[in-house]
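Colleague: What follows is a single structure, and I will ask about it in a moment.
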Amino acid sequence: MGDRSRNGNHIMQRILLVIVTISILSGLAACAAPAATPTAPALTGDSLRIEGAWARPSVVPNGNSAIYLTIVNPTDQADRLLSVRSPSGMAETHESITENGVVRMEPRPEGYVVAPRSIVVLLPGSKHIMLIGVAEPLAPGDEITATLLFERAGEITLNVPVEDQP
Ligand SMILES: [Cu+2]
């Protein structure tokens, strides 16, 4: 009898542990989801396109901003974002790397490869287009333009709204 009730307790503990684990995992998923996957655009259409472009405000004259966007490549061929230019500042392709809790930016002069039928997301803390030396501060509600040069798709010019992080 003693053995059986000990066994029963043991099983209850295991069930509780599983429930607690599931709650923790689903809690983590809920926290991680918005940052990791803003909205997954559909791989439809027949040419490469840009979605959801926005730029960070810049506070001081000659300060920096950054452009974030999603590159959607529904085609069967790889492409590459080679370079970006903007009348608002010097544009460079960068990537933020977090190492031991410290964030640093690295230039990515080779740009970003966009594999066939894939999506590349530029977002804070990850790949971004750095805008350096923005003469006039950018405030939410402003709009800038940027021209992206792709190896295959050629030039794509965008109007980019300035927003606090959407
Ligand atoms: Cu940067």
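Ligands are numbered from 1 in the order shown, residues from 1 within each chain, and chains are lettered A, B, ... in the order they appear in the structure tokens.
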Can you work out which residues are within 8 Å of ligand 1, considering only C-alpha atoms and all ligand atoms, and then hand them over as a PyMOL selection string?
Modeller: chain A and resi 66+92-96+105-107+128-131
Colleague: Applying 6 Å and only C-alpha atoms, which residues near Asp79 (chain A) remain after dropping the ones on its own chain fewer than 5 positions away? List them as a short mmCIF file (atom, residue, chain, number, x, y, z; two decimals) with C-alpha atoms, in the first residue's frame.
Modeller:
data_model
loop_
_atom_site.label_atom_id
_atom_site.label_comp_id
_atom_site.auth_asym_id
_atom_site.auth_seq_id
_atom_site.Cartn_x
_atom_site.Cartn_y
_atom_site.Cartn_z
CA VAL A 114 17.82 36.65 -50.55
CA GLU A 151 21.53 42.17 -58.31
CA ARG A 152 18.58 40.73 -60.28
#
Colleague: With distances taken over only C-alpha atoms, which of A:Glu110, A:Glu51, A:Glu143, A:Glu155 is nearest to Leu82 (chain A)?
Modeller: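 Residue with the minimum atom-to-atom distance to Leu82 (chain A): A:Glu110.
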Colleague: What's around Leu138 (chain A) at 12 Å? Count only C-alpha atoms, leave out sequence neighbours fewer than 4 positions away in its own chain, and write the answer as a PyMOL selection string.
Modeller: chain A and resi 54-67+88-89+131+133-134+142-144+160-164
Colleague: Quick one: write out the picked residues with N, CA and C atoms as a PDB file, in the first residue's frame?
Modeller:
ATOM      1  N   TRP A  54      10.034  51.134 -42.745  1.00  0.00           N
ATOM      2  CA  TRP A  54       9.905  52.272 -41.844  1.00  0.00           C
ATOM      3  C   TRP A  54      11.294  52.694 -41.395  1.00  0.00           C
ATOM      4  N   ALA A  55      11.414  53.959 -40.987  1.00  0.00           N
ATOM      5  CA  ALA A  55      12.708  54.473 -40.527  1.00  0.00           C
ATOM      6  C   ALA A  55      12.566  54.992 -39.113  1.00  0.00           C
ATOM      7  N   ARG A  56      13.632  54.835 -38.361  1.00  0.00           N
ATOM      8  CA  ARG A  56      13.679  55.299 -36.978  1.00  0.00           C
ATOM      9  C   ARG A  56      13.873  56.808 -36.951  1.00  0.00           C
ATOM     10  N   PRO A  57      13.249  57.508 -36.027  1.00  0.00           N
ATOM     11  CA  PRO A  57      13.510  58.952 -35.907  1.00  0.00           C
ATOM     12  C   PRO A  57      14.988  59.191 -35.592  1.00  0.00           C
ATOM     13  N   SER A  58      15.490  60.352 -35.998  1.00  0.00           N
ATOM     14  CA  SER A  58      16.833  60.760 -35.563  1.00  0.00           C
ATOM     15  C   SER A  58      16.648  62.030 -34.756  1.00  0.00           C
ATOM     16  N   VAL A  59      17.447  62.180 -33.724  1.00  0.00           N
ATOM     17  CA  VAL A  59      17.150  63.212 -32.728  1.00  0.00           C
ATOM     18  C   VAL A  59      17.940  64.495 -32.972  1.00  0.00           C
ATOM     19  N   VAL A  60      19.215  64.354 -33.269  1.00  0.00           N
ATOM     20  CA  VAL A  60      20.071  65.544 -33.392  1.00  0.00           C
ATOM     21  C   VAL A  60      20.421  65.788 -34.861  1.00  0.00           C
ATOM     22  N   PRO A  61      20.762  67.027 -35.232  1.00  0.00           N
ATOM     23  CA  PRO A  61      21.233  67.282 -36.596  1.00  0.00           C
ATOM     24  C   PRO A  61      22.473  66.428 -36.891  1.00  0.00           C
ATOM     25  N   ASN A  62      22.578  65.944 -38.114  1.00  0.00           N
ATOM     26  CA  ASN A  62      23.682  65.067 -38.527  1.00  0.00           C
ATOM     27  C   ASN A  62      23.777  63.787 -37.707  1.00  0.00           C
ATOM     28  N   GLY A  63      22.656  63.359 -37.175  1.00  0.00           N
ATOM     29  CA  GLY A  63      22.611  62.101 -36.418  1.00  0.00           C
ATOM     30  C   GLY A  63      22.372  60.916 -37.341  1.00  0.00           C
ATOM     31  N   ASN A  64      22.082  59.774 -36.730  1.00  0.00           N
ATOM     32  CA  ASN A  64      21.859  58.547 -37.487  1.00  0.00           C
ATOM     33  C   ASN A  64      20.409  58.094 -37.397  1.00  0.00           C
ATOM     34  N   SER A  65      19.996  57.406 -38.431  1.00  0.00           N
ATOM     35  CA  SER A  65      18.708  56.729 -38.413  1.00  0.00           C
ATOM     36  C   SER A  65      18.944  55.327 -38.968  1.00  0.00           C
ATOM     37  N   ALA A  66      17.901  54.556 -39.071  1.00  0.00           N
ATOM     38  CA  ALA A  66      18.011  53.226 -39.669  1.00  0.00           C
ATOM     39  C   ALA A  66      16.697  52.905 -40.350  1.00  0.00           C
ATOM     40  N   ILE A  67      16.799  52.176 -41.458  1.00  0.00           N
ATOM     41  CA  ILE A  67      15.612  51.752 -42.200  1.00  0.00           C
ATOM     42  C   ILE A  67      15.440  50.250 -42.005  1.00  0.00           C
ATOM     43  N   SER A  88      18.666  61.310 -47.790  1.00  0.00           N
ATOM     44  CA  SER A  88      18.655  61.735 -46.382  1.00  0.00           C
ATOM     45  C   SER A  88      19.962  61.465 -45.646  1.00  0.00           C
ATOM     46  N   GLY A  89      20.823  60.622 -46.199  1.00  0.00           N
ATOM     47  CA  GLY A  89      22.068  60.325 -45.489  1.00  0.00           C
ATOM     48  C   GLY A  89      22.823  59.236 -46.205  1.00  0.00           C
ATOM     49  N   LEU A 131      21.479  54.761 -41.707  1.00  0.00           N
ATOM     50  CA  LEU A 131      21.518  56.055 -42.388  1.00  0.00           C
ATOM     51  C   LEU A 131      22.404  56.962 -41.549  1.00  0.00           C
ATOM     52  N   GLY A 133      24.616  60.433 -40.803  1.00  0.00           N
ATOM     53  CA  GLY A 133      24.720  61.857 -41.105  1.00  0.00           C
ATOM     54  C   GLY A 133      23.447  62.430 -41.702  1.00  0.00           C
ATOM     55  N   VAL A 134      22.341  62.189 -41.031  1.00  0.00           N
ATOM     56  CA  VAL A 134      21.052  62.727 -41.473  1.00  0.00           C
ATOM     57  C   VAL A 134      20.995  64.200 -41.060  1.00  0.00           C
ATOM     58  N   ASP A 142       7.303  62.198 -40.626  1.00  0.00           N
ATOM     59  CA  ASP A 142       8.122  62.555 -41.787  1.00  0.00           C
ATOM     60  C   ASP A 142       8.194  61.362 -42.736  1.00  0.00           C
ATOM     61  N   GLU A 143       8.665  61.642 -43.952  1.00  0.00           N
ATOM     62  CA  GLU A 143       8.858  60.557 -44.911  1.00  0.00           C
ATOM     63  C   GLU A 143      10.170  60.790 -45.650  1.00  0.00           C
ATOM     64  N   ILE A 144      10.926  59.746 -45.845  1.00  0.00           N
ATOM     65  CA  ILE A 144      12.164  59.851 -46.610  1.00  0.00           C
ATOM     66  C   ILE A 144      12.071  58.898 -47.800  1.00  0.00           C
ATOM     67  N   VAL A 160       9.632  55.960 -47.404  1.00  0.00           N
ATOM     68  CA  VAL A 160       9.762  55.286 -46.112  1.00  0.00           C
ATOM     69  C   VAL A 160       9.248  56.212 -45.009  1.00  0.00           C
ATOM     70  N   PRO A 161       8.155  55.851 -44.347  1.00  0.00           N
ATOM     71  CA  PRO A 161       7.657  56.689 -43.270  1.00  0.00           C
ATOM     72  C   PRO A 161       8.562  56.602 -42.045  1.00  0.00           C
ATOM     73  N   VAL A 162       8.725  57.736 -41.361  1.00  0.00           N
ATOM     74  CA  VAL A 162       9.474  57.739 -40.095  1.00  0.00           C
ATOM     75  C   VAL A 162       8.482  57.440 -38.983  1.00  0.00           C
ATOM     76  N   GLU A 163       8.805  56.441 -38.189  1.00  0.00           N
ATOM     77  CA  GLU A 163       7.873  56.007 -37.133  1.00  0.00           C
ATOM     78  C   GLU A 163       8.642  55.662 -35.887  1.00  0.00           C
ATOM     79  N   ASP A 164       8.007  55.856 -34.724  1.00  0.00           N
ATOM     80  CA  ASP A 164       8.500  55.184 -33.540  1.00  0.00           C
ATOM     81  C   ASP A 164       8.249  53.707 -33.813  1.00  0.00           C
TER      82      ASP A 164
END
Colleague: Excluding region 121-125 of chain A and any residue of its chain fewer than 5 positions from it, enumerate the residues within 6 Å of it, using only C-alpha atoms, and give them as a list in words.
Modeller: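 The filter keeps Tyr68, Leu69, Thr70 and Ser96 of chain A.
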Colleague: Just the number, please: distance in Å from CA of Ser47 (chain A) to CA of Met90 (chain A), one decimal.
Modeller: 27.3 Å
Colleague: CA of Glu136 (chain A) to CA of Ala53 (chain A): how many Å, to one decimal?
Modeller: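 According to the coordinates, CA of Glu136 (chain A) and CA of Ala53 (chain A) are separated by 19.9 Å.
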Colleague: Given the choices A:Gly45, A:Gly111, A:Gly141, A:Gly154, which gets closest to Asp76 (chain A) if the distance is worked out from only C-alpha atoms?
Modeller: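 Nearest to Asp76 (chain A): A:Gly45.
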Colleague: Ranking A:Pro166, A:Leu81, A:Asp46, A:Pro87 by minimum distance to Arg108 (chain A) and counting only C-alpha atoms, which one comes first?
Modeller: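 Ranking A:Pro166, A:Leu81, A:Asp46, A:Pro87 by distance to Arg108 (chain A), first place goes to A:Leu81.
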